[in-house]
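J.: Quick one: the structure is below, and I'll ask about it shortly.
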Amino acid sequence: MTLGDPSDIGIIPTSELGVWADRDDLAPVPALFRSADQVFQWAGVLPPYREHVIEWGGQARALPLAGAGVLIVYRTDRLADPKFIAAFRNRVGRNPEAPSSWEDFAVLAREFAAFDQKPSLPTMTGEETADLFFRVAACFNQQATNDAVKTPSGASLVTFWHDITTGDPRIATPAFRAAADWLASLPKPHTGPVDPAGALAKGDASLAVLTLAQLSKLPRENGQVPARFGLAPLPGTRQYFDPDKKQLVPAGTPNYVPYFAAGKLGVVRSSCKHQDAAFDLLAELGGPTRSLELLTIPGLGVGPFRHSHLERDRLSAWLGYGFDADRSKALQEAMRQYVRPEVRNPVYGLRGPDQAAMNAAAAEELAKIAAGSVTPEAGLAQLLAAWNRIDEKTPKETRLRWRKSSLGVN
């Protein structure tokens with residue numbers, strides 16, 4: 001869509017919702033969509049999508065059409081190499097294994113690089129570096145809460161991107177500083193074409209963080225992805241920020257907080273003369289049957305956004321990626337971990353009208369930290385300065401409205 005064009009329906013990235021909704025260019029989702037007998041089956045949508053991703057200012061302005069999915073892929077043959085095992089045990093004091101925390105991921109990446117005397121991570125774009133950074137920062141930022149883990153008394157004061165009172169960026173807070181230190185601790189990635197699946201296949205990388213679309217590009221032999229490619233879910237961090245103690249504290253188990261920053265939304269323009277028909281079409285596309293069909297097409301990279309997408313008896317939805325039965329189950333479990341619907345306090349990507357400029361600045365400055373051209377402290381300072389320059393272009397009251405609307409506050 002473009003501003004003022006005559007289109008009635010659009011498919012937009014989740015990050016762009018605020019751009020369109022803040023100027024009332026999107027029709028609200030009809031209340032009848034929440035009815036149990038409606039074809040869209042509202043209750044079947046995962047809470048992060050139906051309660052936040054599609055809302056702006058507390059009002060639903062879109063329907064989810066595609067979720068996202070991210071996981072770790074590693075070379076199992078490298079982990080099983082006796083020489084590497086001996087070197088890893090000598091330096092780290094234990095055998096190498098698939099990472100169960102982001103700290104373990106960094107250790108494994110460094111040890112692969114030291115053993116091979118070459119980069120162990122594939123080339124990443126600035127956008128991919130920023131996405132990885134914010135996923136790790138989300139885990140450092142707060143303890144994941146659920147039915148068993150209650151929200152700390154000071155948690156209401158902790159947001160992710162901005163101070164909800166002043167609207168100021170929080171990029172210099174302890175969680176982001178910890179994530180920046182983690183990013184700087186990774187070995188320098190390859191430089192060259194961005195092709196993580198190809199880098200893993202050629203041995204130019206030993207582990208990587210891949211989206212579902214990238215996962216679909218792994219090579220196949222006799223119709224199946226070779227056994228040398230192993231799958232692991234995104235891990236958590238071994239520390240998180242305690243709002244009561246106002247410091248990072250150890251986590252009993254790796255602290256994983258989901259980070260939702262990708263996917264596609266279907267929207268109807270406010271100018272549409274037949275809004276009911278438009279929403280009926282989107283309901284069909286995002287409903288249980290058609291969305292499951294889209295999930296099964298690997299090249300689309302569609303991730304789960306419905307409870308049914310994660311049901312264990314729906315393993316067939318993931319077989320198209322070309323893995324054997326055990327790794328197909330591991331892929332399904334990785335997607336369950338990616339979403340973790342029981343976590344009550346996930347983090348969402350930037351989605352205000354200024355998100356494109358802020359994301360571009362983050363990609364530029366965080367890539368410098370990953371490349372080692374600036375220290376973590378200097379890199380965050382430069383990013384804060386860049387975000388402040390972006391903020392200066394918009395009146396404070398407008399920016400505060402954007403921040404609150406993004407959080408679902410009127």
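Residues are named by chain letter and number: chains run A, B, ... in the order of the structure tokens, numbers start at 1 in each chain, and ligands are numbered from 1 in the order shown.
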Which stretch 60-164 of chain A residues have any atom within 8 Å of an atom of stretch 218-237 of chain A, and for each, what is the nearest pair of atoms with distance in Å to one decimal, counting only C-alpha atoms, rows sorted by chain and number, as a Markdown table?
T.:
```
| residue | atom | partner | partner_atom | distance |
| --- | --- | --- | --- | --- |
| A:Val70 | CA | A:Leu234 | CA | 7.2 |
| A:Leu71 | CA | A:Pro233 | CA | 5.1 |
| A:Ile72 | CA | A:Ala232 | CA | 5.0 |
| A:Val73 | CA | A:Leu231 | CA | 4.8 |
| A:Tyr74 | CA | A:Gly230 | CA | 5.2 |
| A:Arg75 | CA | A:Phe229 | CA | 5.0 |
| A:Thr76 | CA | A:Arg228 | CA | 5.0 |
| A:Asp77 | CA | A:Arg228 | CA | 5.4 |
| A:Ala98 | CA | A:Ala232 | CA | 6.7 |
| A:Pro99 | CA | A:Pro235 | CA | 7.2 |
| A:Ser100 | CA | A:Pro235 | CA | 5.4 |
| A:Ser101 | CA | A:Pro235 | CA | 4.7 |
| A:Trp102 | CA | A:Thr237 | CA | 5.4 |
| A:Glu103 | CA | A:Thr237 | CA | 6.6 |
| A:Val136 | CA | A:Thr237 | CA | 7.3 |
| A:Cys139 | CA | A:Thr237 | CA | 5.9 |
| A:Phe140 | CA | A:Thr237 | CA | 6.3 |
```
J.: Got a sec to tell me which of stretch 38-91 of chain A DSSP assigns to strand (DSSP E), as a list in words?
T.: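 Strand (DSSP E) members of stretch 38-91 of chain A, listed: Glu55, Trp56, Gln59, Ala60, Leu63, Pro64, Leu65, Ala66, Val70, Leu71, Ile72, Val73, Tyr74 and Arg75 of chain A.
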J.: Those residues you just picked out, can you put them in a file as a JSON list (two decimals), in the first residue's frame with C-alpha atoms?
T.:
```json
[["chain", "number", "residue", "atom", "x", "y", "z"],
["A", 55, "GLU", "CA", -3.83, -3.93, 18.05],
["A", 56, "TRP", "CA", -3.00, -0.26, 18.05],
["A", 59, "GLN", "CA", -8.15, -1.60, 19.20],
["A", 60, "ALA", "CA", -7.75, -4.49, 16.73],
["A", 63, "LEU", "CA", -5.90, -9.94, 11.27],
["A", 64, "PRO", "CA", -2.77, -12.13, 11.46],
["A", 65, "LEU", "CA", -2.00, -13.99, 8.24],
["A", 66, "ALA", "CA", 1.50, -15.29, 8.97],
["A", 70, "VAL", "CA", 13.48, -18.54, 14.29],
["A", 71, "LEU", "CA", 15.73, -21.33, 15.56],
["A", 72, "ILE", "CA", 19.35, -22.46, 15.81],
["A", 73, "VAL", "CA", 20.92, -24.74, 13.22],
["A", 74, "TYR", "CA", 24.30, -26.34, 13.89],
["A", 75, "ARG", "CA", 26.60, -28.89, 12.33]]
```
J.: I'd like to know which of A:Gly126, A:Gly286, A:Pro258, A:Gly352 is closest to A:Phe305, using only C-alpha atoms.
T.: A:Gly286
J.: Of the candidates A:Val268, A:Ala262, A:Gln142, A:Val257, which shows the shortest atom-to-atom distance to A:Tyr49, using only C-alpha atoms?
T.: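 The answer is A:Ala262, which sits nearest to A:Tyr49.
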J.: Compile the contact shell of A:Leu32 as a VMD selection string: residues with an atom at most 12 Å away, counting only C-alpha atoms, same-chain residues fewer than 4 positions apart removed.
T.: chain A and resid 28 36 to 42 276 279 to 280 283
J.: Dump as JSON lines the rows for residues of stretch 187-249 of chain A within 10 Å of stretch 165-174 of chain A: closest atom pair and distance in Å with one decimal, only C-alpha atoms counted, ordered by chain and rising residue number.
T.:
```
{"residue": "A:Tyr240", "atom": "CA", "partner": "A:Pro174", "partner_atom": "CA", "distance": 9.3}
{"residue": "A:Phe241", "atom": "CA", "partner": "A:Pro174", "partner_atom": "CA", "distance": 7.3}
{"residue": "A:Lys246", "atom": "CA", "partner": "A:Pro174", "partner_atom": "CA", "distance": 9.0}
{"residue": "A:Gln247", "atom": "CA", "partner": "A:Pro174", "partner_atom": "CA", "distance": 7.2}
{"residue": "A:Leu248", "atom": "CA", "partner": "A:Pro174", "partner_atom": "CA", "distance": 7.2}
```
J.: Applying 10 Å and only C-alpha atoms, which residues near A:Gly10 remain after dropping the ones on its own chain fewer than 4 positions away? List them as a PyMOL selection string.
T.: chain A and resi 1-2+26+62+265-269+278+282
J.: Would you export the selected residues with N, CA and C atoms as a PDB file, in the first residue's frame, please?
T.:
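This went into result_14.pdb:
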```pdb
ATOM      1  N   MET A   1       0.845  -1.197   0.000  1.00  0.00           N
ATOM      2  CA  MET A   1       0.000   0.000   0.000  1.00  0.00           C
ATOM      3  C   MET A   1       0.874   1.238   0.000  1.00  0.00           C
ATOM      4  N   THR A   2       0.341   2.306  -0.551  1.00  0.00           N
ATOM      5  CA  THR A   2       0.956   3.616  -0.456  1.00  0.00           C
ATOM      6  C   THR A   2      -0.107   4.605  -0.005  1.00  0.00           C
ATOM      7  N   LEU A  26      -6.864   2.554   8.705  1.00  0.00           N
ATOM      8  CA  LEU A  26      -7.282   1.160   8.760  1.00  0.00           C
ATOM      9  C   LEU A  26      -8.625   1.032   9.473  1.00  0.00           C
ATOM     10  N   ALA A  62      -6.192  -5.235  12.504  1.00  0.00           N
ATOM     11  CA  ALA A  62      -5.658  -6.160  11.507  1.00  0.00           C
ATOM     12  C   ALA A  62      -6.003  -7.583  11.915  1.00  0.00           C
ATOM     13  N   LEU A 265       0.365  -9.141   8.442  1.00  0.00           N
ATOM     14  CA  LEU A 265      -0.992  -8.813   8.866  1.00  0.00           C
ATOM     15  C   LEU A 265      -1.837  -8.454   7.651  1.00  0.00           C
ATOM     16  N   GLY A 266      -3.098  -8.843   7.700  1.00  0.00           N
ATOM     17  CA  GLY A 266      -4.048  -8.411   6.689  1.00  0.00           C
ATOM     18  C   GLY A 266      -4.840  -7.230   7.224  1.00  0.00           C
ATOM     19  N   VAL A 267      -4.952  -6.167   6.427  1.00  0.00           N
ATOM     20  CA  VAL A 267      -5.634  -4.955   6.868  1.00  0.00           C
ATOM     21  C   VAL A 267      -6.643  -4.513   5.817  1.00  0.00           C
ATOM     22  N   VAL A 268      -7.662  -3.795   6.272  1.00  0.00           N
ATOM     23  CA  VAL A 268      -8.687  -3.234   5.404  1.00  0.00           C
ATOM     24  C   VAL A 268      -8.629  -1.724   5.535  1.00  0.00           C
ATOM     25  N   ARG A 269      -8.612  -1.036   4.412  1.00  0.00           N
ATOM     26  CA  ARG A 269      -8.528   0.423   4.434  1.00  0.00           C
ATOM     27  C   ARG A 269      -9.839   1.030   4.925  1.00  0.00           C
ATOM     28  N   ALA A 278     -14.350  -7.504   2.636  1.00  0.00           N
ATOM     29  CA  ALA A 278     -12.891  -7.494   2.746  1.00  0.00           C
ATOM     30  C   ALA A 278     -12.429  -8.299   3.954  1.00  0.00           C
ATOM     31  N   LEU A 282     -10.069 -11.854   4.413  1.00  0.00           N
ATOM     32  CA  LEU A 282      -8.931 -12.006   5.320  1.00  0.00           C
ATOM     33  C   LEU A 282      -9.181 -13.117   6.336  1.00  0.00           C
TER      34      LEU A 282
END
```
J.: What are the nearest atom pairs, with distances in Å to one decimal, for all residues of stretch 2-121 of chain A that come at most 8 Å from stretch 297-302 of chain A, using only C-alpha atoms, set out by chain and rising residue number as CSV?
T.:
```
residue,atom,partner,partner_atom,distance
A:Ala66,CA,A:Val302,CA,5.4
A:Gly67,CA,A:Val302,CA,5.7
A:Ala68,CA,A:Val302,CA,5.8
A:Gly69,CA,A:Val302,CA,7.4
```
J.: Sort by chain and increasing residue number a table of all residues of stretch 315-337 of chain A within 10 Å of stretch 211-214 of chain A, each with its closest pair of atoms and their distance in Å to one decimal, counting only C-alpha atoms, and write it as a tab-separated table.
T.:
```
residue	atom	partner	partner_atom	distance
A:Tyr321	CA	A:Leu212	CA	8.9
A:Leu331	CA	A:Leu212	CA	9.7
A:Met335	CA	A:Leu212	CA	9.6
```
J.: Could those residues be written to a file, using C-alpha atoms, as a PDB file, in the first residue's frame?
T.:
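Okay, selection-v9.pdb is ready:
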```
ATOM      1  CA  TYR A 321      11.197 -28.843   5.473  1.00  0.00           C
ATOM      2  CA  LEU A 331      11.549 -28.339  14.502  1.00  0.00           C
ATOM      3  CA  MET A 335       8.548 -23.391  17.135  1.00  0.00           C
TER       4      MET A 335
END
```
J.: Go through stretch 154-284 of chain A and collect every residue that DSSP, computed from the backbone, puts in alpha helix (DSSP H); the answer should be as a ChimeraX atom specification.
T.: /A:174-185,196-202,212-215,275-284
J.: Excluding stretch 378-380 of chain A and residues on its chain fewer than 4 positions from it, collect all residues at most 10 Å away from it, counting only C-alpha atoms, and give them as a VMD selection string.
T.: chain A and resid 171 to 173 176 to 177 180 362 364 to 370 372 to 374 384 to 386
J.: Report as a PyMOL selection string all protein, DNA and RNA residues lying within 8 Å of A:Gly44, evaluated on only C-alpha atoms, omitting residues in the same chain fewer than 6 positions from it.
T.: chain A and resi 288+306-308
J.: Could the residues in this selection be written to a file with N, CA and C atoms, as a CSV table (one decimal), in the first residue's frame?
T.:
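Listing of part_36.csv after writing:
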```
chain,number,residue,atom,x,y,z
A,288,PRO,N,-8.3,-21.2,10.4
A,288,PRO,CA,-7.6,-22.4,10.7
A,288,PRO,C,-7.1,-23.3,9.5
A,306,ARG,N,-1.4,-19.7,15.5
A,306,ARG,CA,-2.6,-20.3,16.1
A,306,ARG,C,-2.1,-21.5,17.0
A,307,HIS,N,-3.0,-21.8,17.9
A,307,HIS,CA,-2.7,-22.9,18.8
A,307,HIS,C,-2.6,-24.2,18.0
A,308,SER,N,-3.5,-24.4,17.0
A,308,SER,CA,-3.5,-25.6,16.2
A,308,SER,C,-2.2,-25.8,15.4
```
J.: For A:Phe112, list every protein, DNA or RNA residue within 10 Å, evaluated using only C-alpha atoms, and leave out those in the same chain fewer than 3 positions away; present the list as a PyMOL selection string.
T.: chain A and resi 78-79+84+87-88+106-109+115-121+187+205-207
J.: Please save N, CA and C atoms of the selected residues as a CSV table (one decimal), in the first residue's frame.
T.:
```
chain,number,residue,atom,x,y,z
A,78,ARG,N,30.4,-31.5,13.4
A,78,ARG,CA,31.4,-30.7,14.0
A,78,ARG,C,31.4,-31.0,15.5
A,79,LEU,N,30.2,-31.1,16.1
A,79,LEU,CA,30.1,-31.3,17.5
A,79,LEU,C,30.6,-32.7,17.9
A,84,PHE,N,37.8,-31.8,18.0
A,84,PHE,CA,37.1,-30.6,18.5
A,84,PHE,C,36.6,-30.9,20.0
A,87,ALA,N,39.5,-30.5,22.3
A,87,ALA,CA,40.0,-29.1,22.4
A,87,ALA,C,38.9,-28.4,23.3
A,88,PHE,N,37.7,-28.6,23.0
A,88,PHE,CA,36.6,-27.9,23.8
A,88,PHE,C,36.7,-28.3,25.2
A,106,ALA,N,27.4,-18.3,22.6
A,106,ALA,CA,28.6,-17.5,22.3
A,106,ALA,C,29.9,-18.3,22.6
A,107,VAL,N,29.9,-19.2,23.6
A,107,VAL,CA,31.1,-20.0,23.9
A,107,VAL,C,31.3,-21.0,22.8
A,108,LEU,N,30.2,-21.6,22.3
A,108,LEU,CA,30.4,-22.6,21.2
A,108,LEU,C,30.9,-21.9,19.9
A,109,ALA,N,30.4,-20.7,19.6
A,109,ALA,CA,30.8,-20.0,18.5
A,109,ALA,C,32.3,-19.6,18.6
A,115,PHE,N,39.2,-23.2,17.1
A,115,PHE,CA,39.6,-24.5,16.6
A,115,PHE,C,39.9,-24.5,15.2
A,116,ASP,N,39.0,-23.8,14.4
A,116,ASP,CA,39.2,-23.8,12.9
A,116,ASP,C,40.0,-22.7,12.4
A,117,GLN,N,40.3,-21.7,13.3
A,117,GLN,CA,41.1,-20.5,12.9
A,117,GLN,C,40.4,-19.8,11.7
A,118,LYS,N,39.0,-19.7,11.8
A,118,LYS,CA,38.2,-19.0,10.8
A,118,LYS,C,36.9,-18.7,11.5
A,119,PRO,N,36.1,-17.8,10.9
A,119,PRO,CA,34.8,-17.5,11.5
A,119,PRO,C,33.9,-18.7,11.5
A,120,SER,N,33.1,-18.8,12.6
A,120,SER,CA,32.2,-19.9,12.7
A,120,SER,C,30.7,-19.5,12.5
A,121,LEU,N,30.5,-18.2,12.4
A,121,LEU,CA,29.1,-17.7,12.1
A,121,LEU,C,29.0,-17.2,10.7
A,187,PRO,N,32.5,-14.4,18.0
A,187,PRO,CA,33.6,-14.2,17.1
A,187,PRO,C,33.1,-13.5,15.8
A,205,ALA,N,30.3,-22.0,8.0
A,205,ALA,CA,29.7,-21.7,9.4
A,205,ALA,C,29.4,-23.0,10.0
A,206,SER,N,29.5,-23.0,11.4
A,206,SER,CA,29.3,-24.2,12.1
A,206,SER,C,28.0,-24.2,12.9
A,207,LEU,N,27.5,-23.0,13.1
A,207,LEU,CA,26.1,-22.8,13.7
A,207,LEU,C,25.6,-21.4,13.3
```
J.: With distances taken over only C-alpha atoms, which residue among A:Leu17, A:Ala27, A:Ala178, A:Ala371 lies nearest A:Met124?
T.: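 Of A:Leu17, A:Ala27, A:Ala178, A:Ala371, the one nearest A:Met124 is A:Ala371, counting only C-alpha atoms.
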